[in-house]
>>> print(open('input-v1.cif').read())   # mmCIF, C-alpha atoms
data_query
#
loop_
_atom_site.label_atom_id
_atom_site.label_comp_id
_atom_site.auth_asym_id
_atom_site.auth_seq_id
_atom_site.Cartn_x
_atom_site.Cartn_y
_atom_site.Cartn_z
CA MET A 1465 148.88 49.03 46.34
CA THR A 1466 150.83 52.31 46.50
CA ASN A 1467 149.60 55.54 44.95
CA LYS A 1468 151.16 58.94 44.72
CA THR A 1469 149.74 61.46 47.14
CA GLY A 1470 146.41 62.83 45.95
CA GLU A 1471 145.81 60.14 43.31
CA LYS A 1472 142.13 59.36 42.68
CA THR A 1473 140.84 55.94 43.77
CA ASP A 1474 137.54 54.27 42.82
CA ILE A 1475 134.96 53.55 45.51
CA ALA A 1476 135.51 49.77 45.63
CA THR A 1477 139.28 50.19 46.13
CA PHE A 1478 138.71 53.05 48.57
CA LEU A 1479 136.48 50.95 50.84
CA LYS A 1480 138.92 48.05 50.70
CA LEU A 1481 141.77 50.36 51.73
CA ALA A 1482 139.56 51.80 54.48
CA GLU A 1483 139.72 48.45 56.29
CA GLY A 1484 143.21 49.43 57.43
CA ILE A 1485 143.67 53.14 56.64
CA PRO A 1486 141.73 55.97 58.35
CA VAL A 1487 139.20 57.91 56.27
CA ILE A 1488 139.14 61.70 56.50
CA ASP A 1489 135.91 63.41 55.48
CA VAL A 1490 136.81 67.03 54.68
CA ARG A 1491 133.24 68.25 54.17
CA SER A 1492 131.65 70.76 56.54
CA PRO A 1493 130.36 69.61 59.96
CA SER A 1494 126.70 69.84 58.90
CA GLU A 1495 127.36 67.69 55.82
CA PHE A 1496 129.14 65.15 58.01
CA ARG A 1497 126.29 65.07 60.55
CA LYS A 1498 123.74 64.39 57.82
CA GLY A 1499 125.61 61.26 56.78
CA HIS A 1500 129.14 59.91 56.43
CA ILE A 1501 131.12 56.75 55.87
CA PRO A 1502 130.91 54.89 59.20
CA GLY A 1503 134.17 55.16 61.14
CA SER A 1504 135.42 58.19 59.22
CA HIS A 1505 136.89 61.30 60.87
CA ASN A 1506 135.71 64.82 60.10
CA ILE A 1507 138.49 67.35 59.49
CA PRO A 1508 136.59 69.99 57.51
CA LEU A 1509 138.40 72.29 55.12
CA PHE A 1510 135.62 74.84 55.80
CA ASP A 1511 133.23 75.09 58.70
CA ASP A 1512 129.57 75.70 57.80
CA SER A 1513 129.75 79.50 57.73
CA GLU A 1514 133.03 79.45 55.74
CA ARG A 1515 131.57 77.06 53.19
CA GLU A 1516 128.58 79.34 52.75
CA ALA A 1517 130.82 82.40 52.28
CA VAL A 1518 133.00 80.64 49.67
CA GLY A 1519 129.90 79.42 47.83
CA ILE A 1520 128.45 82.92 47.67
CA CYS A 1521 131.79 84.28 46.44
CA TYR A 1522 131.96 81.60 43.72
CA LYS A 1523 128.49 82.47 42.42
CA ARG A 1524 129.09 86.22 42.45
CA GLU A 1525 132.76 86.54 41.51
CA GLY A 1526 133.89 83.25 40.00
CA ARG A 1527 136.27 80.40 40.75
CA ASN A 1528 139.54 82.32 41.29
CA LYS A 1529 137.98 84.77 43.75
CA ALA A 1530 136.40 81.85 45.62
CA ILE A 1531 139.79 80.13 45.91
CA LEU A 1532 141.34 83.30 47.34
CA LYS A 1533 138.42 83.64 49.76
CA GLY A 1534 138.92 80.04 50.84
CA LEU A 1535 142.63 80.61 51.46
CA GLU A 1536 141.85 83.72 53.46
CA LEU A 1537 139.39 81.84 55.68
CA THR A 1538 141.33 78.62 56.19
CA GLY A 1539 144.91 79.88 56.37
CA PRO A 1540 145.01 80.37 60.16
CA SER A 1541 143.61 76.88 60.84
CA MET A 1542 145.85 74.88 58.48
CA LYS A 1543 148.32 73.92 61.22
CA SER A 1544 145.51 72.56 63.39
CA LYS A 1545 144.10 70.51 60.49
CA LEU A 1546 147.52 69.04 59.73
CA ASP A 1547 148.06 68.23 63.42
CA GLN A 1548 144.77 66.32 63.44
CA GLY A 1549 145.74 64.42 60.32
CA LEU A 1550 149.12 63.46 61.75
CA LYS A 1551 147.48 62.08 64.90
CA ILE A 1552 144.96 60.01 62.94
CA ALA A 1553 147.25 58.70 60.17
CA ILE A 1554 148.41 55.07 60.31
CA GLU A 1555 151.90 54.47 58.90
CA ASP A 1556 151.70 57.92 57.28
CA ARG A 1557 148.61 56.96 55.25
CA LEU A 1558 145.18 58.59 55.02
CA LEU A 1559 142.17 58.31 52.73
CA VAL A 1560 140.44 61.59 51.89
CA HIS A 1561 137.12 62.58 50.37
CA CYS A 1562 134.80 65.55 49.99
CA TRP A 1563 131.41 65.72 48.25
CA ARG A 1564 132.50 65.15 44.62
CA GLY A 1565 136.22 64.40 45.00
CA GLY A 1566 137.24 67.86 43.84
CA MET A 1567 138.97 70.93 45.23
CA ARG A 1568 138.32 70.41 48.92
CA SER A 1569 139.79 66.91 49.04
CA GLU A 1570 142.68 67.91 46.74
CA ALA A 1571 143.51 70.88 48.99
CA MET A 1572 143.54 68.71 52.11
CA ALA A 1573 145.59 66.01 50.38
CA TRP A 1574 148.18 68.68 49.56
CA LEU A 1575 148.14 69.88 53.17
CA PHE A 1576 148.63 66.37 54.54
CA SER A 1577 151.49 65.78 52.08
CA LEU A 1578 153.38 68.63 53.79
CA GLY A 1579 153.42 66.44 56.88
CA GLY A 1580 154.70 63.43 54.94
CA ILE A 1581 151.30 61.74 54.76
CA GLN A 1582 150.45 59.76 51.65
CA THR A 1583 146.79 60.17 50.68
CA ASP A 1584 144.32 58.58 48.29
CA ILE A 1585 141.32 60.66 47.19
CA LEU A 1586 137.94 59.05 46.60
CA GLU A 1587 137.02 59.56 42.95
CA GLY A 1588 133.54 61.03 42.81
CA GLY A 1589 133.66 61.75 46.55
CA TYR A 1590 130.93 60.97 49.05
CA LYS A 1591 128.43 61.19 46.18
CA SER A 1592 129.91 58.02 44.64
CA TYR A 1593 129.72 56.29 48.03
CA ARG A 1594 126.04 57.17 48.38
CA GLN A 1595 125.33 55.86 44.90
CA LEU A 1596 126.91 52.54 45.88
CA VAL A 1597 124.88 52.44 49.12
CA LEU A 1598 121.58 53.03 47.33
CA GLU A 1599 122.37 50.49 44.62
CA ASN A 1600 123.19 47.93 47.31
CA HIS A 1601 119.92 48.55 49.16
CA SER A 1602 117.94 48.09 45.94
CA ALA A 1603 119.59 44.76 45.14
CA GLY A 1604 117.37 41.82 46.06
CA ARG A 1605 118.49 39.32 48.67
CA ARG A 1606 116.97 36.52 50.74
CA MET A 1607 115.47 37.72 54.02
CA ILE A 1608 113.41 36.19 56.81
CA ILE A 1609 111.28 38.64 58.77
CA LEU A 1610 110.47 37.92 62.41
CA GLY A 1611 107.23 39.59 63.46
CA GLY A 1612 104.87 39.37 66.36
CA LEU A 1613 102.77 41.22 68.89
CA THR A 1614 104.42 43.89 71.03
CA GLY A 1615 106.33 42.29 73.90
CA SER A 1616 106.90 38.94 72.18
CA GLY A 1617 110.65 39.17 72.73
CA LYS A 1618 111.51 39.40 69.02
CA THR A 1619 114.76 41.30 69.56
CA HIS A 1620 115.92 38.78 72.18
CA ILE A 1621 115.02 35.86 69.90
CA LEU A 1622 117.02 37.38 67.04
CA LYS A 1623 120.03 37.74 69.34
CA PHE A 1624 119.66 34.07 70.25
CA LEU A 1625 119.48 33.14 66.57
CA GLU A 1626 122.60 35.20 65.87
CA LYS A 1627 124.50 33.29 68.55
CA SER A 1628 123.27 30.11 66.87
CA GLY A 1629 124.94 31.13 63.61
CA ARG A 1630 122.14 32.92 61.74
CA GLN A 1631 122.83 36.24 60.01
CA VAL A 1632 121.00 38.98 61.91
CA ILE A 1633 120.91 42.75 61.62
CA ASP A 1634 119.28 44.72 64.45
CA LEU A 1635 117.51 47.55 62.59
CA GLU A 1636 116.18 49.10 65.81
CA GLY A 1637 119.69 49.03 67.27
CA ILE A 1638 121.02 50.95 64.26
CA ALA A 1639 118.11 53.41 64.46
CA ASN A 1640 118.45 53.91 68.24
CA HIS A 1641 114.71 53.36 68.59
CA LYS A 1642 112.47 50.44 69.57
CA GLY A 1643 109.82 51.24 67.00
CA SER A 1644 106.82 52.36 69.08
CA ALA A 1645 105.63 55.52 70.80
CA PHE A 1646 107.81 54.34 73.71
CA GLY A 1647 110.74 53.49 71.44
CA SER A 1648 112.94 56.49 72.22
CA LEU A 1649 113.02 55.82 75.98
CA GLY A 1650 116.58 55.24 77.18
CA GLN A 1651 117.99 55.59 73.67
CA PRO A 1652 120.69 57.94 72.30
CA PRO A 1653 119.72 60.43 69.55
CA GLN A 1654 118.64 58.85 66.30
CA PRO A 1655 120.83 59.10 63.19
CA THR A 1656 119.47 60.77 60.06
CA SER A 1657 117.78 58.48 57.56
CA GLU A 1658 120.79 58.96 55.29
CA HIS A 1659 123.28 57.91 57.92
CA PHE A 1660 121.07 54.98 58.98
CA SER A 1661 121.32 53.67 55.42
CA ASN A 1662 125.12 54.11 55.53
CA ILE A 1663 125.41 52.10 58.76
CA LEU A 1664 123.06 49.47 57.35
CA PHE A 1665 125.23 49.18 54.23
CA ASP A 1666 128.29 48.81 56.45
CA ARG A 1667 126.64 45.86 58.25
CA LEU A 1668 125.33 44.30 55.05
CA LYS A 1669 128.64 44.28 53.20
CA VAL A 1670 130.12 41.73 55.63
CA THR A 1671 127.17 39.32 55.34
CA ASP A 1672 126.98 36.29 53.07
CA ARG A 1673 124.49 36.83 50.24
CA ASN A 1674 124.13 33.07 49.86
CA GLN A 1675 122.57 32.85 53.33
CA PRO A 1676 119.26 34.45 54.40
CA LEU A 1677 119.33 37.58 56.51
CA TRP A 1678 117.10 37.71 59.59
CA LEU A 1679 115.39 41.01 60.44
CA GLU A 1680 112.69 42.17 62.81
CA ASP A 1681 109.42 43.25 61.22
CA GLU A 1682 109.28 47.05 61.00
CA SER A 1683 107.17 49.74 59.39
CA SER A 1684 108.82 51.96 56.79
CA ASN A 1685 110.03 54.24 59.57
CA ILE A 1686 111.62 53.50 62.93
CA GLY A 1687 110.97 56.63 64.96
CA THR A 1688 112.20 59.51 62.79
CA VAL A 1689 114.38 57.24 60.63
CA PHE A 1690 113.02 56.08 57.27
CA MET A 1691 114.43 52.89 55.81
CA PRO A 1692 115.90 52.83 52.28
CA GLU A 1693 113.00 52.28 49.87
CA GLY A 1694 114.53 49.35 47.98
CA PHE A 1695 115.58 47.59 51.18
CA TYR A 1696 112.13 48.00 52.73
CA LEU A 1697 110.43 46.70 49.59
CA ASN A 1698 112.68 43.63 49.80
CA MET A 1699 111.51 43.13 53.41
CA GLN A 1700 107.86 43.43 52.38
CA ASN A 1701 108.27 40.70 49.77
CA SER A 1702 110.12 38.30 52.11
CA PRO A 1703 108.70 35.36 54.11
CA SER A 1704 107.61 36.24 57.64
CA ILE A 1705 107.47 34.20 60.82
CA ILE A 1706 104.95 35.70 63.25
CA LEU A 1707 104.86 35.06 67.01
CA LEU A 1708 101.43 35.17 68.64
CA MET A 1709 101.05 35.05 72.43
CA ASP A 1710 98.42 36.37 74.81
CA VAL A 1711 98.70 39.52 76.87
CA LYS A 1712 99.32 37.77 80.20
CA THR A 1713 102.32 35.93 78.75
CA ARG A 1714 103.85 39.16 77.48
CA LEU A 1715 103.20 41.30 80.56
CA PRO A 1716 106.18 40.27 82.77
CA ARG A 1717 108.80 41.21 80.16
CA LEU A 1718 107.11 44.53 79.35
CA ILE A 1719 106.73 45.46 83.02
CA GLU A 1720 110.40 44.68 83.62
CA GLU A 1721 111.46 46.66 80.56
CA TYR A 1722 109.38 49.81 81.01
CA SER A 1723 108.88 50.19 84.78
CA VAL A 1724 112.47 51.50 85.06
CA TYR A 1725 111.55 54.75 83.28
CA ALA A 1726 110.22 57.88 84.97
CA THR A 1727 106.44 58.07 85.15
CA GLU A 1728 106.35 61.38 83.26
CA GLU A 1729 108.33 59.85 80.37
CA LEU A 1730 105.84 57.00 80.12
CA VAL A 1731 102.87 59.37 80.38
CA GLU A 1732 104.25 61.58 77.61
CA SER A 1733 104.61 58.52 75.38
CA VAL A 1734 100.97 57.58 76.00
CA ARG A 1735 99.87 61.12 75.15
CA ARG A 1736 101.60 60.83 71.76
CA ILE A 1737 99.17 58.05 70.78
CA SER A 1738 96.15 59.20 72.82
CA LYS A 1739 94.05 60.09 69.76
CA ARG A 1740 94.64 56.69 68.18
CA MET A 1741 94.03 54.87 71.49
CA GLY A 1742 90.92 56.88 72.27
CA GLY A 1743 90.86 59.60 74.91
CA ASP A 1744 89.19 57.51 77.62
CA ASN A 1745 91.63 54.61 77.17
CA ALA A 1746 94.63 56.93 77.21
CA ASN A 1747 93.42 58.68 80.36
CA GLU A 1748 92.84 55.35 82.08
CA ALA A 1749 96.35 54.18 81.15
CA ILE A 1750 97.85 57.46 82.39
CA GLN A 1751 95.99 57.21 85.71
CA ALA A 1752 97.24 53.63 86.15
CA LEU A 1753 100.81 54.81 85.52
CA TYR A 1754 100.52 57.52 88.19
CA LEU A 1755 99.25 54.84 90.61
CA GLY A 1756 102.17 52.58 89.73
CA ASP A 1757 99.85 49.94 88.27
CA TYR A 1758 102.07 49.08 85.31
CA ALA A 1759 100.22 45.85 84.50
CA LYS A 1760 96.92 47.65 84.00
CA ALA A 1761 98.51 50.47 81.99
CA ILE A 1762 100.35 48.07 79.70
CA GLU A 1763 97.24 45.94 79.12
CA ILE A 1764 95.31 49.01 77.99
CA ILE A 1765 98.15 50.09 75.69
CA LEU A 1766 98.58 46.58 74.29
CA HIS A 1767 94.91 46.48 73.35
CA TYR A 1768 95.62 49.34 70.93
CA TYR A 1769 98.88 47.91 69.58
CA ASP A 1770 97.49 44.38 69.21
CA ARG A 1771 94.41 45.58 67.34
CA THR A 1772 96.57 47.65 64.99
CA TYR A 1773 99.03 44.79 64.38
CA MET A 1774 96.35 42.17 63.72
CA PHE A 1775 94.56 44.49 61.31
CA GLY A 1776 97.79 44.90 59.37
CA LEU A 1777 98.41 41.15 59.46
CA LYS A 1778 95.01 40.43 57.92
CA LYS A 1779 95.89 42.72 55.02
CA GLU A 1780 98.94 40.52 54.38
CA ASP A 1781 96.78 37.40 54.03
CA GLY A 1782 98.02 35.17 51.21
CA LYS A 1783 101.67 36.15 51.54
CA ASN A 1784 104.42 33.80 52.67
CA ILE A 1785 103.57 34.03 56.39
CA PHE A 1786 104.04 31.38 59.09
CA LEU A 1787 102.11 31.88 62.35
CA ILE A 1788 103.43 30.52 65.65
CA ASN A 1789 101.10 30.34 68.64
CA THR A 1790 103.06 30.09 71.85
CA GLY A 1791 102.10 30.03 75.51
CA THR A 1792 105.55 30.85 76.90
CA ASN A 1793 107.78 33.92 76.95
CA ASP A 1794 110.92 31.77 77.23
CA ILE A 1795 113.34 33.07 74.60
CA GLU A 1796 115.09 29.79 73.82
CA ALA A 1797 111.83 27.83 73.57
CA ASN A 1798 110.34 30.39 71.18
CA ALA A 1799 113.57 30.55 69.17
CA MET A 1800 113.31 26.80 68.63
CA LYS A 1801 109.74 27.24 67.38
CA VAL A 1802 110.97 29.93 64.98
CA LEU A 1803 113.70 27.63 63.64
CA GLU A 1804 111.12 24.89 63.09
CA ALA A 1805 109.03 27.34 61.07
CA GLU A 1806 112.12 28.31 59.05
CA LYS A 1807 112.24 24.75 57.66
CA LYS A 1808 108.88 25.33 55.98
CA ILE A 1809 110.13 28.25 53.89
CA ALA A 1810 110.41 27.38 50.22
CA TRP A 1811 112.97 29.58 48.49
#
>>> encode(input="input-v1.cif", output="structure tokens")
Amino acid sequence: MTNKTGEKTDIATFLKLAEGIPVIDVRSPSEFRKGHIPGSHNIPLFDDSEREAVGICYKREGRNKAILKGLELTGPSMKSKLDQGLKIAIEDRLLVHCWRGGMRSEAMAWLFSLGGIQTDILEGGYKSYRQLVLENHSAGRRMIILGGLTGSGKTHILKFLEKSGRQVIDLEGIANHKGSAFGSLGQPPQPTSEHFSNILFDRLKVTDRNQPLWLEDESSNIGTVFMPEGFYLNMQNSPSIILLMDVKTRLPRLIEEYSVYATEELVESVRRISKRMGGDNANEAIQALYLGDYAKAIEIILHYYDRTYMFGLKKEDGKNIFLINTGTNDIEANAMKVLEAEKKIAW
């Protein structure tokens, strides 16, 4: 499909073209950081302070004055923006969008055309993309939720299932957080909730809706990231397979996973949940950490997490839940138990 430079393109066509043509987001850096189409490049027409100045001018003096102000601010940087576009373009093609698909994207499409780059502008801009994302997250689909006590190896089991051909999305991997007070250890900064939903949409759009999607059981938030409401509701109404194993069976994996972190990092994580654990329990766990007794510290912490998880599980009584009691922490063996439980799910 060939369009004239600057021609508007609907969101479905835009995303299809984006599989082979780079996307340029011309919104300001702060808008881009809040959320963007995964894989897109940010070449802002205005930086944050320039955007604010043009907006103030528009409100006070009108559209024409705002345009002149914009030209005044961006004129010196136009060469740099075009240089960036030329480096990113593939076969002299780029896709461009701003917030609503208006003046900013049209201005940058014109600039890129001076360098011989053919552009398509997203009709409705990033706003139309976000509408599609939210609609997608609210659409029902078959899911299987893998739950279990902390340290049951759920993430590892899901990776095994994925290698076995099941559809899996690692929500904690997208959120850069392992979902507990210790979840940020060793992780990069978390995305915003908005951008999390964009990445999730990007992963979902390549899955087969005719096959169930496997996910790890999560609360409505993973660290500072909140899941899309419709998607989370879908999870809550989906069948769950729950792994139950005793503390001693879970200890080796948890010791291996968390003993690599600095003591002060672990202590700070305990302090974040000290009120919920109880002051005496938290202090005992902290003392054990300073002594290097990871087994004792983890057992104390697990007592809190297990109690909380089992209380929540009792509230779910009557839902489509399958409990698996296991005496091993072997990933493959437990994955096989999970697959046996899957056969009992009636869709």
>>> atom_distance(input="input-v1.cif", atom1="CA of Arg1594 (chain A)", atom2="CA of Pro1676 (chain A)")
24.5 Å
>>> resolve_selection(input="input-v1.cif", expression="the PyMOL selection byres ((chain A and resi 1623) around 12)", output="JSON, numbers by chain")
{"A": [1610, 1617, 1618, 1619, 1620, 1621, 1622, 1624, 1625, 1626, 1627, 1628, 1629, 1630, 1631, 1632, 1633, 1634, 1637, 1678, 1679, 1680, 1795, 1796, 1799]}
>>> atom_distance(input="input-v1.cif", atom1="CA of Asp1584 (chain A)", atom2="CA of Glu1658 (chain A)")
24.6 Å
>>> residues_around(input="input-v1.cif", residues="Met1741 (chain A)", least_positions_apart="6", cutoff="10 Å", atoms="all atoms listed in the file", output="VMD selection string")
chain A and resid 1734 to 1735 1747 1749 1764 to 1769
>>> closest_atom_pairs(input="input-v1.cif", of="region 1529-1582 of chain A", to="region 1513-1517 of chain A", cutoff="9 Å", atoms="all atoms listed in the file", output="Markdown table")
| residue | atom | partner | partner_atom | distance |
| --- | --- | --- | --- | --- |
| A:Ala1530 | CA | A:Ala1517 | CA | 8.7 |
| A:Lys1533 | CA | A:Ala1517 | CA | 8.1 |
| A:Gly1534 | CA | A:Glu1514 | CA | 7.7 |
| A:Leu1537 | CA | A:Glu1514 | CA | 6.8 |
| A:Thr1538 | CA | A:Glu1514 | CA | 8.4 |
>>> residues_around(input="input-v1.cif", residues="Leu1697 (chain A)", least_positions_apart="2", cutoff="12 Å", atoms="only C-alpha atoms", output="PyMOL selection string")
chain A and resi 1601-1605+1607+1682-1684+1691-1695+1699-1702
>>> resolve_selection(input="input-v1.cif", expression="the PyMOL selection byres ((chain A and resi 1732) around 12)", output="list of chain:residue names")
A:Ala1645, A:Phe1646, A:Ser1648, A:Leu1649, A:Tyr1725, A:Ala1726, A:Thr1727, A:Glu1728, A:Glu1729, A:Leu1730, A:Val1731, A:Ser1733, A:Val1734, A:Arg1735, A:Arg1736, A:Ile1737, A:Ser1738, A:Ala1746, A:Asn1747, A:Ala1749, A:Ile1750, A:Leu1753, A:Tyr1754
>>> closest_residue(input="input-v1.cif", among="A:Ser1492, A:Gln1548, A:Thr1792, A:Ser1704", to="Ala1805 (chain A)", atoms="all atoms listed in the file")
A:Ser1704
>>> residues_near_point(input="input-v1.cif", point="(128.9, 49.5, 46.4)", cutoff="9 Å", atoms="all atoms listed in the file", output="list of chain:residue names")
A:Ile1475, A:Ala1476, A:Leu1479, A:Ser1592, A:Tyr1593, A:Arg1594, A:Gln1595, A:Leu1596, A:Val1597, A:Leu1598, A:Glu1599, A:Asn1600, A:Phe1665, A:Lys1669
>>> resolve_selection(input="input-v1.cif", expression="the PyMOL selection byres ((chain A and resi 1500) around 10)", output="list in words")
Asp1489, Arg1491, Glu1495, Phe1496, Arg1497, Lys1498, Gly1499, Ile1501, Pro1502, Gly1503, Ser1504, His1505, Asn1506, Tyr1590, Tyr1593, Arg1594, Glu1658, His1659, Phe1660, Asn1662 and Ile1663 of chain A
>>> atom_distance(input="input-v1.cif", atom1="CA of Leu1558 (chain A)", atom2="CA of Arg1667 (chain A)")
22.7 Å
>>> closest_residue(input="input-v1.cif", among="A:Gly1687, A:Gly1615, A:Pro1703, A:Gly1580", to="Leu1718 (chain A)", atoms="only C-alpha atoms")
A:Gly1615
>>> residues_around(input="input-v1.cif", residues="Lys1591 (chain A)", least_positions_apart="4", cutoff="10 Å", atoms="only C-alpha atoms", output="PyMOL selection string")
chain A and resi 1561-1565+1586-1587+1595-1597
>>> residues_around(input="input-v1.cif", residues="Tyr1773 (chain A)", least_positions_apart="3", cutoff="12 Å", atoms="only C-alpha atoms", output="list in words")
Gly1611, Gly1612, Leu1613, Thr1614, Ser1644, Asp1681, Glu1682, Ser1683, Ile1706, Leu1707, Leu1708, Leu1766, His1767, Tyr1768, Tyr1769, Asp1770, Gly1776, Leu1777, Lys1778, Lys1779 and Glu1780 of chain A
>>> residues_around(input="input-v1.cif", residues="Leu1575 (chain A)", least_positions_apart="4", cutoff="12 Å", atoms="all atoms listed in the file", output="ChimeraX atom specification")
/A:1469-1470,1490,1507,1509,1538-1539,1541-1550,1558,1560,1568-1571,1579-1583
>>> write_last_selection(input="input-v1.cif", atoms="C-alpha atoms", output="short mmCIF file (atom, residue, chain, number, x, y, z; two decimals), keeping the file's coordinate frame")
data_model
loop_
_atom_site.label_atom_id
_atom_site.label_comp_id
_atom_site.auth_asym_id
_atom_site.auth_seq_id
_atom_site.Cartn_x
_atom_site.Cartn_y
_atom_site.Cartn_z
CA THR A 1469 149.74 61.46 47.14
CA GLY A 1470 146.41 62.83 45.95
CA VAL A 1490 136.81 67.03 54.68
CA ILE A 1507 138.49 67.35 59.49
CA LEU A 1509 138.40 72.29 55.12
CA THR A 1538 141.33 78.62 56.19
CA GLY A 1539 144.91 79.88 56.37
CA SER A 1541 143.61 76.88 60.84
CA MET A 1542 145.85 74.88 58.48
CA LYS A 1543 148.32 73.92 61.22
CA SER A 1544 145.51 72.56 63.39
CA LYS A 1545 144.10 70.51 60.49
CA LEU A 1546 147.52 69.04 59.73
CA ASP A 1547 148.06 68.23 63.42
CA GLN A 1548 144.77 66.32 63.44
CA GLY A 1549 145.74 64.42 60.32
CA LEU A 1550 149.12 63.46 61.75
CA LEU A 1558 145.18 58.59 55.02
CA VAL A 1560 140.44 61.59 51.89
CA ARG A 1568 138.32 70.41 48.92
CA SER A 1569 139.79 66.91 49.04
CA GLU A 1570 142.68 67.91 46.74
CA ALA A 1571 143.51 70.88 48.99
CA GLY A 1579 153.42 66.44 56.88
CA GLY A 1580 154.70 63.43 54.94
CA ILE A 1581 151.30 61.74 54.76
CA GLN A 1582 150.45 59.76 51.65
CA THR A 1583 146.79 60.17 50.68
#
>>> build_atoms(input="input-v1.cif", residues="region 1622-1637 of chain A", atoms="N, CA and C atoms", output="PDB file, in the coordinates of the input")
ATOM      1  N   LEU A1622     116.055  37.157  68.127  1.00  0.00           N
ATOM      2  CA  LEU A1622     117.020  37.380  67.040  1.00  0.00           C
ATOM      3  C   LEU A1622     118.452  37.313  67.559  1.00  0.00           C
ATOM      4  N   LYS A1623     118.682  37.827  68.759  1.00  0.00           N
ATOM      5  CA  LYS A1623     120.030  37.740  69.340  1.00  0.00           C
ATOM      6  C   LYS A1623     120.397  36.282  69.602  1.00  0.00           C
ATOM      7  N   PHE A1624     119.423  35.496  70.031  1.00  0.00           N
ATOM      8  CA  PHE A1624     119.660  34.070  70.250  1.00  0.00           C
ATOM      9  C   PHE A1624     119.992  33.385  68.923  1.00  0.00           C
ATOM     10  N   LEU A1625     119.241  33.722  67.886  1.00  0.00           N
ATOM     11  CA  LEU A1625     119.480  33.140  66.570  1.00  0.00           C
ATOM     12  C   LEU A1625     120.856  33.521  66.039  1.00  0.00           C
ATOM     13  N   GLU A1626     121.279  34.751  66.321  1.00  0.00           N
ATOM     14  CA  GLU A1626     122.600  35.200  65.870  1.00  0.00           C
ATOM     15  C   GLU A1626     123.698  34.378  66.544  1.00  0.00           C
ATOM     16  N   LYS A1627     123.533  34.116  67.834  1.00  0.00           N
ATOM     17  CA  LYS A1627     124.500  33.290  68.550  1.00  0.00           C
ATOM     18  C   LYS A1627     124.505  31.853  68.023  1.00  0.00           C
ATOM     19  N   SER A1628     123.381  31.465  67.425  1.00  0.00           N
ATOM     20  CA  SER A1628     123.270  30.110  66.870  1.00  0.00           C
ATOM     21  C   SER A1628     123.794  30.036  65.438  1.00  0.00           C
ATOM     22  N   GLY A1629     124.317  31.147  64.931  1.00  0.00           N
ATOM     23  CA  GLY A1629     124.940  31.130  63.610  1.00  0.00           C
ATOM     24  C   GLY A1629     124.132  31.753  62.492  1.00  0.00           C
ATOM     25  N   ARG A1630     122.920  32.256  62.780  1.00  0.00           N
ATOM     26  CA  ARG A1630     122.140  32.920  61.740  1.00  0.00           C
ATOM     27  C   ARG A1630     122.647  34.348  61.525  1.00  0.00           C
ATOM     28  N   GLN A1631     122.450  34.854  60.314  1.00  0.00           N
ATOM     29  CA  GLN A1631     122.830  36.240  60.010  1.00  0.00           C
ATOM     30  C   GLN A1631     121.698  37.165  60.450  1.00  0.00           C
ATOM     31  N   VAL A1632     122.012  38.084  61.343  1.00  0.00           N
ATOM     32  CA  VAL A1632     121.000  38.980  61.910  1.00  0.00           C
ATOM     33  C   VAL A1632     121.497  40.417  61.860  1.00  0.00           C
ATOM     34  N   ILE A1633     120.613  41.329  61.490  1.00  0.00           N
ATOM     35  CA  ILE A1633     120.910  42.750  61.620  1.00  0.00           C
ATOM     36  C   ILE A1633     119.815  43.376  62.473  1.00  0.00           C
ATOM     37  N   ASP A1634     120.213  44.082  63.516  1.00  0.00           N
ATOM     38  CA  ASP A1634     119.280  44.720  64.450  1.00  0.00           C
ATOM     39  C   ASP A1634     118.965  46.124  63.930  1.00  0.00           C
ATOM     40  N   LEU A1635     117.884  46.263  63.182  1.00  0.00           N
ATOM     41  CA  LEU A1635     117.510  47.550  62.590  1.00  0.00           C
ATOM     42  C   LEU A1635     117.192  48.587  63.672  1.00  0.00           C
ATOM     43  N   GLU A1636     116.521  48.162  64.738  1.00  0.00           N
ATOM     44  CA  GLU A1636     116.180  49.100  65.810  1.00  0.00           C
ATOM     45  C   GLU A1636     117.437  49.549  66.549  1.00  0.00           C
ATOM     46  N   GLY A1637     118.422  48.654  66.649  1.00  0.00           N
ATOM     47  CA  GLY A1637     119.690  49.030  67.270  1.00  0.00           C
ATOM     48  C   GLY A1637     120.413  50.079  66.461  1.00  0.00           C
TER      49      GLY A1637
END
